[in-house]
Structure formats: structure tokens, C-alpha cells
>>> print(open('start26.cif').read())   # mmCIF, N, CA and C atoms and all ligand atoms; chains and numbers go by the auth columns
data_work
loop_
_atom_site.group_PDB
_atom_site.id
_atom_site.type_symbol
_atom_site.label_atom_id
_atom_site.label_comp_id
_atom_site.label_asym_id
_atom_site.label_seq_id
_atom_site.Cartn_x
_atom_site.Cartn_y
_atom_site.Cartn_z
_atom_site.B_iso_or_equiv
_atom_site.auth_seq_id
_atom_site.auth_asym_id
ATOM 1 N N MET A 1 -12.140 21.165 -11.768 0.00 1 A
ATOM 2 C CA MET A 1 -13.222 20.207 -11.532 0.00 1 A
ATOM 3 C C MET A 1 -12.951 18.930 -12.308 0.00 1 A
ATOM 4 N N ALA A 2 -12.246 17.997 -11.715 0.00 2 A
ATOM 5 C CA ALA A 2 -11.984 16.726 -12.383 0.00 2 A
ATOM 6 C C ALA A 2 -13.167 15.788 -12.160 0.00 2 A
ATOM 7 N N TYR A 3 -13.149 14.698 -12.900 0.00 3 A
ATOM 8 C CA TYR A 3 -14.187 13.695 -12.736 0.00 3 A
ATOM 9 C C TYR A 3 -13.682 12.643 -11.748 0.00 3 A
ATOM 10 N N ARG A 4 -14.629 11.997 -11.081 0.00 4 A
ATOM 11 C CA ARG A 4 -14.284 11.002 -10.072 0.00 4 A
ATOM 12 C C ARG A 4 -15.184 9.779 -10.245 0.00 4 A
ATOM 13 N N ILE A 5 -14.626 8.601 -9.985 0.00 5 A
ATOM 14 C CA ILE A 5 -15.385 7.354 -10.072 0.00 5 A
ATOM 15 C C ILE A 5 -15.838 6.943 -8.681 0.00 5 A
ATOM 16 N N THR A 6 -17.140 6.667 -8.574 0.00 6 A
ATOM 17 C CA THR A 6 -17.729 6.353 -7.272 0.00 6 A
ATOM 18 C C THR A 6 -17.760 4.843 -7.012 0.00 6 A
ATOM 19 N N ASP A 7 -18.300 4.462 -5.856 0.00 7 A
ATOM 20 C CA ASP A 7 -18.421 3.056 -5.480 0.00 7 A
ATOM 21 C C ASP A 7 -19.369 2.283 -6.386 0.00 7 A
ATOM 22 N N GLU A 8 -20.103 2.974 -7.236 0.00 8 A
ATOM 23 C CA GLU A 8 -21.027 2.299 -8.158 0.00 8 A
ATOM 24 C C GLU A 8 -20.286 1.590 -9.282 0.00 8 A
ATOM 25 N N CYS A 9 -18.991 1.811 -9.389 0.00 9 A
ATOM 26 C CA CYS A 9 -18.198 1.211 -10.467 0.00 9 A
ATOM 27 C C CYS A 9 -18.228 -0.309 -10.398 0.00 9 A
ATOM 28 N N ILE A 10 -18.504 -0.926 -11.557 0.00 10 A
ATOM 29 C CA ILE A 10 -18.516 -2.394 -11.627 0.00 10 A
ATOM 30 C C ILE A 10 -17.312 -2.910 -12.426 0.00 10 A
ATOM 31 N N SER A 11 -16.309 -2.028 -12.615 0.00 11 A
ATOM 32 C CA SER A 11 -15.041 -2.407 -13.252 0.00 11 A
ATOM 33 C C SER A 11 -15.206 -3.027 -14.634 0.00 11 A
ATOM 34 N N CYS A 12 -16.077 -2.430 -15.440 0.00 12 A
ATOM 35 C CA CYS A 12 -16.275 -2.958 -16.790 0.00 12 A
ATOM 36 C C CYS A 12 -15.166 -2.516 -17.750 0.00 12 A
ATOM 37 N N GLY A 13 -14.527 -1.378 -17.431 0.00 13 A
ATOM 38 C CA GLY A 13 -13.434 -0.901 -18.276 0.00 13 A
ATOM 39 C C GLY A 13 -13.837 0.001 -19.432 0.00 13 A
ATOM 40 N N CYS A 14 -15.122 0.214 -19.640 0.00 14 A
ATOM 41 C CA CYS A 14 -15.584 1.036 -20.769 0.00 14 A
ATOM 42 C C CYS A 14 -14.991 2.441 -20.723 0.00 14 A
ATOM 43 N N CYS A 15 -14.936 3.019 -19.550 0.00 15 A
ATOM 44 C CA CYS A 15 -14.456 4.403 -19.425 0.00 15 A
ATOM 45 C C CYS A 15 -12.987 4.522 -19.825 0.00 15 A
ATOM 46 N N ALA A 16 -12.188 3.589 -19.398 0.00 16 A
ATOM 47 C CA ALA A 16 -10.754 3.647 -19.704 0.00 16 A
ATOM 48 C C ALA A 16 -10.517 3.598 -21.205 0.00 16 A
ATOM 49 N N ALA A 17 -11.345 2.833 -21.913 0.00 17 A
ATOM 50 C CA ALA A 17 -11.199 2.710 -23.356 0.00 17 A
ATOM 51 C C ALA A 17 -11.527 4.020 -24.069 0.00 17 A
ATOM 52 N N GLU A 18 -12.359 4.854 -23.461 0.00 18 A
ATOM 53 C CA GLU A 18 -12.791 6.108 -24.085 0.00 18 A
ATOM 54 C C GLU A 18 -11.919 7.301 -23.724 0.00 18 A
ATOM 55 N N CYS A 19 -11.145 7.197 -22.671 0.00 19 A
ATOM 56 C CA CYS A 19 -10.406 8.363 -22.184 0.00 19 A
ATOM 57 C C CYS A 19 -9.263 8.763 -23.127 0.00 19 A
ATOM 58 N N PRO A 20 -9.283 9.990 -23.655 0.00 20 A
ATOM 59 C CA PRO A 20 -8.245 10.434 -24.582 0.00 20 A
ATOM 60 C C PRO A 20 -6.919 10.750 -23.892 0.00 20 A
ATOM 61 N N ALA A 21 -6.946 10.835 -22.573 0.00 21 A
ATOM 62 C CA ALA A 21 -5.750 11.215 -21.830 0.00 21 A
ATOM 63 C C ALA A 21 -5.122 10.049 -21.078 0.00 21 A
ATOM 64 N N ASN A 22 -5.684 8.839 -21.260 0.00 22 A
ATOM 65 C CA ASN A 22 -5.216 7.679 -20.501 0.00 22 A
ATOM 66 C C ASN A 22 -5.163 7.975 -19.003 0.00 22 A
ATOM 67 N N ALA A 23 -6.188 8.676 -18.526 0.00 23 A
ATOM 68 C CA ALA A 23 -6.223 9.083 -17.125 0.00 23 A
ATOM 69 C C ALA A 23 -6.914 8.061 -16.234 0.00 23 A
ATOM 70 N N ILE A 24 -7.475 7.008 -16.851 0.00 24 A
ATOM 71 C CA ILE A 24 -8.249 6.036 -16.073 0.00 24 A
ATOM 72 C C ILE A 24 -7.534 4.697 -16.044 0.00 24 A
ATOM 73 N N SER A 25 -7.398 4.150 -14.833 0.00 25 A
ATOM 74 C CA SER A 25 -6.747 2.852 -14.690 0.00 25 A
ATOM 75 C C SER A 25 -7.516 1.998 -13.694 0.00 25 A
ATOM 76 N N GLU A 26 -7.237 0.702 -13.719 0.00 26 A
ATOM 77 C CA GLU A 26 -7.930 -0.216 -12.826 0.00 26 A
ATOM 78 C C GLU A 26 -7.307 -0.173 -11.447 0.00 26 A
ATOM 79 N N GLY A 27 -8.131 0.089 -10.439 0.00 27 A
ATOM 80 C CA GLY A 27 -7.644 0.118 -9.072 0.00 27 A
ATOM 81 C C GLY A 27 -8.007 -1.162 -8.341 0.00 27 A
ATOM 82 N N ASP A 28 -7.845 -1.185 -7.041 0.00 28 A
ATOM 83 C CA ASP A 28 -8.092 -2.384 -6.255 0.00 28 A
ATOM 84 C C ASP A 28 -9.555 -2.809 -6.285 0.00 28 A
ATOM 85 N N THR A 29 -10.465 -1.853 -6.073 0.00 29 A
ATOM 86 C CA THR A 29 -11.883 -2.204 -5.991 0.00 29 A
ATOM 87 C C THR A 29 -12.723 -1.542 -7.059 0.00 29 A
ATOM 88 N N SER A 30 -12.143 -0.601 -7.800 0.00 30 A
ATOM 89 C CA SER A 30 -12.872 0.056 -8.880 0.00 30 A
ATOM 90 C C SER A 30 -11.850 0.714 -9.787 0.00 30 A
ATOM 91 N N TYR A 31 -12.328 1.237 -10.916 0.00 31 A
ATOM 92 C CA TYR A 31 -11.431 2.006 -11.758 0.00 31 A
ATOM 93 C C TYR A 31 -11.240 3.379 -11.121 0.00 31 A
ATOM 94 N N VAL A 32 -10.119 4.006 -11.406 0.00 32 A
ATOM 95 C CA VAL A 32 -9.830 5.302 -10.781 0.00 32 A
ATOM 96 C C VAL A 32 -9.347 6.296 -11.850 0.00 32 A
ATOM 97 N N ILE A 33 -9.631 7.586 -11.607 0.00 33 A
ATOM 98 C CA ILE A 33 -9.216 8.656 -12.509 0.00 33 A
ATOM 99 C C ILE A 33 -8.087 9.442 -11.851 0.00 33 A
ATOM 100 N N ASP A 34 -7.012 9.628 -12.573 0.00 34 A
ATOM 101 C CA ASP A 34 -5.918 10.470 -12.093 0.00 34 A
ATOM 102 C C ASP A 34 -6.291 11.920 -12.376 0.00 34 A
ATOM 103 N N PRO A 35 -6.575 12.707 -11.333 0.00 35 A
ATOM 104 C CA PRO A 35 -7.027 14.088 -11.536 0.00 35 A
ATOM 105 C C PRO A 35 -5.978 14.972 -12.208 0.00 35 A
ATOM 106 N N ASP A 36 -4.732 14.575 -12.128 0.00 36 A
ATOM 107 C CA ASP A 36 -3.668 15.372 -12.760 0.00 36 A
ATOM 108 C C ASP A 36 -3.641 15.174 -14.277 0.00 36 A
ATOM 109 N N LEU A 37 -4.211 14.061 -14.742 0.00 37 A
ATOM 110 C CA LEU A 37 -4.223 13.773 -16.180 0.00 37 A
ATOM 111 C C LEU A 37 -5.570 14.096 -16.825 0.00 37 A
ATOM 112 N N CYS A 38 -6.632 14.106 -16.029 0.00 38 A
ATOM 113 C CA CYS A 38 -7.986 14.306 -16.555 0.00 38 A
ATOM 114 C C CYS A 38 -8.135 15.660 -17.234 0.00 38 A
ATOM 115 N N LEU A 39 -8.681 15.620 -18.461 0.00 39 A
ATOM 116 C CA LEU A 39 -8.901 16.834 -19.257 0.00 39 A
ATOM 117 C C LEU A 39 -10.321 17.367 -19.086 0.00 39 A
ATOM 118 N N GLU A 40 -11.104 16.668 -18.254 0.00 40 A
ATOM 119 C CA GLU A 40 -12.489 17.078 -17.979 0.00 40 A
ATOM 120 C C GLU A 40 -13.344 17.119 -19.242 0.00 40 A
ATOM 121 N N CYS A 41 -13.134 16.153 -20.118 0.00 41 A
ATOM 122 C CA CYS A 41 -13.900 16.132 -21.366 0.00 41 A
ATOM 123 C C CYS A 41 -15.272 15.494 -21.185 0.00 41 A
ATOM 124 N N GLY A 42 -15.413 14.652 -20.163 0.00 42 A
ATOM 125 C CA GLY A 42 -16.705 14.031 -19.899 0.00 42 A
ATOM 126 C C GLY A 42 -16.989 12.763 -20.691 0.00 42 A
ATOM 127 N N ALA A 43 -16.072 12.344 -21.535 0.00 43 A
ATOM 128 C CA ALA A 43 -16.306 11.161 -22.368 0.00 43 A
ATOM 129 C C ALA A 43 -16.556 9.920 -21.525 0.00 43 A
ATOM 130 N N CYS A 44 -15.836 9.774 -20.450 0.00 44 A
ATOM 131 C CA CYS A 44 -15.971 8.598 -19.594 0.00 44 A
ATOM 132 C C CYS A 44 -17.370 8.513 -18.987 0.00 44 A
ATOM 133 N N ALA A 45 -17.844 9.645 -18.489 0.00 45 A
ATOM 134 C CA ALA A 45 -19.162 9.665 -17.849 0.00 45 A
ATOM 135 C C ALA A 45 -20.249 9.270 -18.840 0.00 45 A
ATOM 136 N N GLY A 46 -20.053 9.612 -20.109 0.00 46 A
ATOM 137 C CA GLY A 46 -21.052 9.319 -21.126 0.00 46 A
ATOM 138 C C GLY A 46 -21.188 7.845 -21.452 0.00 46 A
ATOM 139 N N VAL A 47 -20.151 7.060 -21.208 0.00 47 A
ATOM 140 C CA VAL A 47 -20.215 5.641 -21.560 0.00 47 A
ATOM 141 C C VAL A 47 -20.399 4.718 -20.360 0.00 47 A
ATOM 142 N N CYS A 48 -20.308 5.238 -19.166 0.00 48 A
ATOM 143 C CA CYS A 48 -20.438 4.371 -17.976 0.00 48 A
ATOM 144 C C CYS A 48 -21.848 3.799 -17.878 0.00 48 A
ATOM 145 N N PRO A 49 -21.976 2.466 -17.851 0.00 49 A
ATOM 146 C CA PRO A 49 -23.288 1.834 -17.797 0.00 49 A
ATOM 147 C C PRO A 49 -23.950 1.934 -16.431 0.00 49 A
ATOM 148 N N ASN A 50 -23.190 2.351 -15.431 0.00 50 A
ATOM 149 C CA ASN A 50 -23.744 2.376 -14.075 0.00 50 A
ATOM 150 C C ASN A 50 -23.774 3.782 -13.476 0.00 50 A
ATOM 151 N N ASP A 51 -23.583 4.789 -14.302 0.00 51 A
ATOM 152 C CA ASP A 51 -23.563 6.183 -13.826 0.00 51 A
ATOM 153 C C ASP A 51 -22.626 6.358 -12.633 0.00 51 A
ATOM 154 N N ALA A 52 -21.459 5.743 -12.737 0.00 52 A
ATOM 155 C CA ALA A 52 -20.526 5.773 -11.611 0.00 52 A
ATOM 156 C C ALA A 52 -19.493 6.894 -11.703 0.00 52 A
ATOM 157 N N ILE A 53 -19.593 7.735 -12.743 0.00 53 A
ATOM 158 C CA ILE A 53 -18.606 8.797 -12.884 0.00 53 A
ATOM 159 C C ILE A 53 -19.261 10.149 -12.711 0.00 53 A
ATOM 160 N N VAL A 54 -18.768 10.904 -11.740 0.00 54 A
ATOM 161 C CA VAL A 54 -19.386 12.190 -11.407 0.00 54 A
ATOM 162 C C VAL A 54 -18.350 13.308 -11.527 0.00 54 A
ATOM 163 N N GLU A 55 -18.856 14.507 -11.819 0.00 55 A
ATOM 164 C CA GLU A 55 -17.980 15.680 -11.888 0.00 55 A
ATOM 165 C C GLU A 55 -17.872 16.246 -10.489 0.00 55 A
ATOM 166 N N GLU A 56 -16.663 16.474 -10.042 0.00 56 A
ATOM 167 C CA GLU A 56 -16.460 16.998 -8.687 0.00 56 A
ATOM 168 C C GLU A 56 -16.760 18.490 -8.626 0.00 56 A
HETATM 169 FE FE1 LIG B . -10.551 10.914 -19.318 0.00 1 B
HETATM 170 FE FE2 LIG B . -12.206 12.814 -20.162 0.00 1 B
HETATM 171 FE FE3 LIG B . -12.977 11.150 -18.242 0.00 1 B
HETATM 172 FE FE4 LIG B . -11.114 12.964 -17.735 0.00 1 B
HETATM 173 S S1 LIG B . -13.288 13.367 -18.238 0.00 1 B
HETATM 174 S S2 LIG B . -11.031 10.816 -17.124 0.00 1 B
HETATM 175 S S3 LIG B . -10.019 13.045 -19.693 0.00 1 B
HETATM 176 S S4 LIG B . -12.526 10.609 -20.394 0.00 1 B
HETATM 177 FE FE1 LIG B . -16.524 1.567 -13.642 0.00 2 B
HETATM 178 FE FE2 LIG B . -18.253 2.971 -15.133 0.00 2 B
HETATM 179 FE FE3 LIG B . -15.668 2.883 -15.778 0.00 2 B
HETATM 180 FE FE4 LIG B . -17.183 0.719 -16.085 0.00 2 B
HETATM 181 S S1 LIG B . -17.390 2.658 -17.208 0.00 2 B
HETATM 182 S S2 LIG B . -15.095 0.770 -15.201 0.00 2 B
HETATM 183 S S3 LIG B . -18.572 0.891 -14.304 0.00 2 B
HETATM 184 S S4 LIG B . -16.567 3.777 -13.911 0.00 2 B
#
>>> encode(input="start26.cif", output="C-alpha cells", more="lines below")
Ligand code: SF4
Ligand code: SF4
Amino acid sequence: MAYRITDECISCGCCAAECPANAISEGDTSYVIDPDLCLECGACAGVCPNDAIVEE
């Protein structure tokens, strides 16, 4: 169960700064999580100002 970033992302970058696995990068229209790197720690979801990160 990896985490996923939804269309609610406003590309603030807060989540990428918190990720211990460097699994989050800036994509074309939003930030994206690499499911192969995600440790499912939930840190990103906790700092997102727009509740754009959901657990799959
Ligand atoms: Fe990174 Fe943790 Fe978010 Fe996975 S759940 S993308 S490891 S901060
Ligand atoms: Fe997008 Fe939320 Fe990450 Fe900011 S913290 S880049 S709004 S997913």
C-alpha cells in the first residue's frame, strides 16, 4: 500500500522535503511518488497543506 499524490496537489514541495526515502519528485502537473521507493511512513501526508496525499 504505497501513498499516491492526487490532483489536489498545488506543487508546494513540502512533501518532498519530508520524505526520508527521496521517493517524491516534481512531475509535469503535480509532485509524484515513486511506489518502488516509498516506505509507507506517512510523513508526506502529514505535511501536505491540501490533503493531496492518500494511501492506496
Ligand atoms: Fe516518502 Fe514516507 Fe511519503 Fe512514502 S509515505 S513518499 S516514504 S514520506
Ligand atoms: Fe503537492 Fe501536497 Fe506535496 Fe505540496 S505537500 S507538493 S500540495 S502533494
>>> closest_residue(input="start26.cif", among="A:Leu37, A:Cys48, A:Ile53, A:Cys19", to="ligand LIG 1 (chain B)", atoms="only C-alpha atoms and all ligand atoms")
A:Cys19
>>> closest_residue(input="start26.cif", among="A:Val32, A:Ile24, A:Ile10, A:Cys38", to="ligand LIG 2 (chain B)", atoms="all atoms listed in the file")
A:Ile10
>>> residues_near_ligand(input="start26.cif", ligand="ligand LIG 1 (chain B)", cutoff="5 Å", atoms="only N, CA and C atoms and all ligand atoms", output="PyMOL selection string")
chain A and resi 18-21+23+38-44
>>> closest_atom_pairs(input="start26.cif", of="chain A", to="ligand LIG 2 (chain B)", cutoff="9 Å", atoms="only C-alpha atoms and all ligand atoms", output="Markdown table")
| residue | atom | partner | partner_atom | distance |
| --- | --- | --- | --- | --- |
| A:Arg4 | CA | B:LIG2 | S4 | 8.5 |
| A:Ile5 | CA | B:LIG2 | S4 | 5.4 |
| A:Thr6 | CA | B:LIG2 | S4 | 7.2 |
| A:Asp7 | CA | B:LIG2 | FE1 | 8.5 |
| A:Glu8 | CA | B:LIG2 | S3 | 6.8 |
| A:Cys9 | CA | B:LIG2 | FE1 | 3.6 |
| A:Ile10 | CA | B:LIG2 | S3 | 4.2 |
| A:Ser11 | CA | B:LIG2 | S2 | 3.7 |
| A:Cys12 | CA | B:LIG2 | FE4 | 3.9 |
| A:Gly13 | CA | B:LIG2 | S2 | 3.9 |
| A:Cys14 | CA | B:LIG2 | S1 | 4.3 |
| A:Cys15 | CA | B:LIG2 | S1 | 4.1 |
| A:Ala16 | CA | B:LIG2 | FE3 | 6.3 |
| A:Ala17 | CA | B:LIG2 | S1 | 8.7 |
| A:Glu18 | CA | B:LIG2 | S1 | 9.0 |
| A:Ile24 | CA | B:LIG2 | FE3 | 8.1 |
| A:Ser25 | CA | B:LIG2 | S2 | 8.6 |
| A:Glu26 | CA | B:LIG2 | S2 | 7.6 |
| A:Ser30 | CA | B:LIG2 | FE1 | 6.2 |
| A:Tyr31 | CA | B:LIG2 | S2 | 5.2 |
| A:Val32 | CA | B:LIG2 | S4 | 7.6 |
| A:Ile33 | CA | B:LIG2 | S4 | 8.9 |
| A:Cys44 | CA | B:LIG2 | S1 | 6.6 |
| A:Ala45 | CA | B:LIG2 | S1 | 7.3 |
| A:Gly46 | CA | B:LIG2 | S1 | 8.6 |
| A:Val47 | CA | B:LIG2 | S1 | 6.0 |
| A:Cys48 | CA | B:LIG2 | S1 | 3.6 |
| A:Pro49 | CA | B:LIG2 | FE2 | 5.8 |
| A:Asn50 | CA | B:LIG2 | S3 | 5.4 |
| A:Asp51 | CA | B:LIG2 | FE2 | 6.3 |
| A:Ala52 | CA | B:LIG2 | S4 | 5.0 |
| A:Ile53 | CA | B:LIG2 | S4 | 5.5 |
>>> axis_aligned_box(input="start26.cif", around="segment 11-23 of chain A", padding_each_side="6 Å", output="AutoDock Vina command-line options")
--center_x -10.7 --center_y 4.1 --center_z -18.6 --size_x 23.2 --size_y 26.2 --size_z 24.0
>>> select_by_dssp(input="start26.cif", residues="chain A", states="strand (DSSP E)", output="VMD selection string")
chain A and resid 3 to 5 24 to 26 31 to 33 53 to 55
>>> select_by_dssp(input="start26.cif", residues="chain A", states="alpha helix (DSSP H)", output="VMD selection string")
chain A and resid 14 to 18 43 to 47
>>> atom_distance(input="start26.cif", atom1="atom CA of Tyr3 of chain A", atom2="atom CA of Gly27 of chain A")
15.5 Å
>>> atom_distance(input="start26.cif", atom1="atom CA of Val54 of chain A", atom2="atom C of Ala2 of chain A")
7.2 Å
>>> atom_distance(input="start26.cif", atom1="atom C of Pro35 of chain A", atom2="atom CA of Met1 of chain A")
9.0 Å
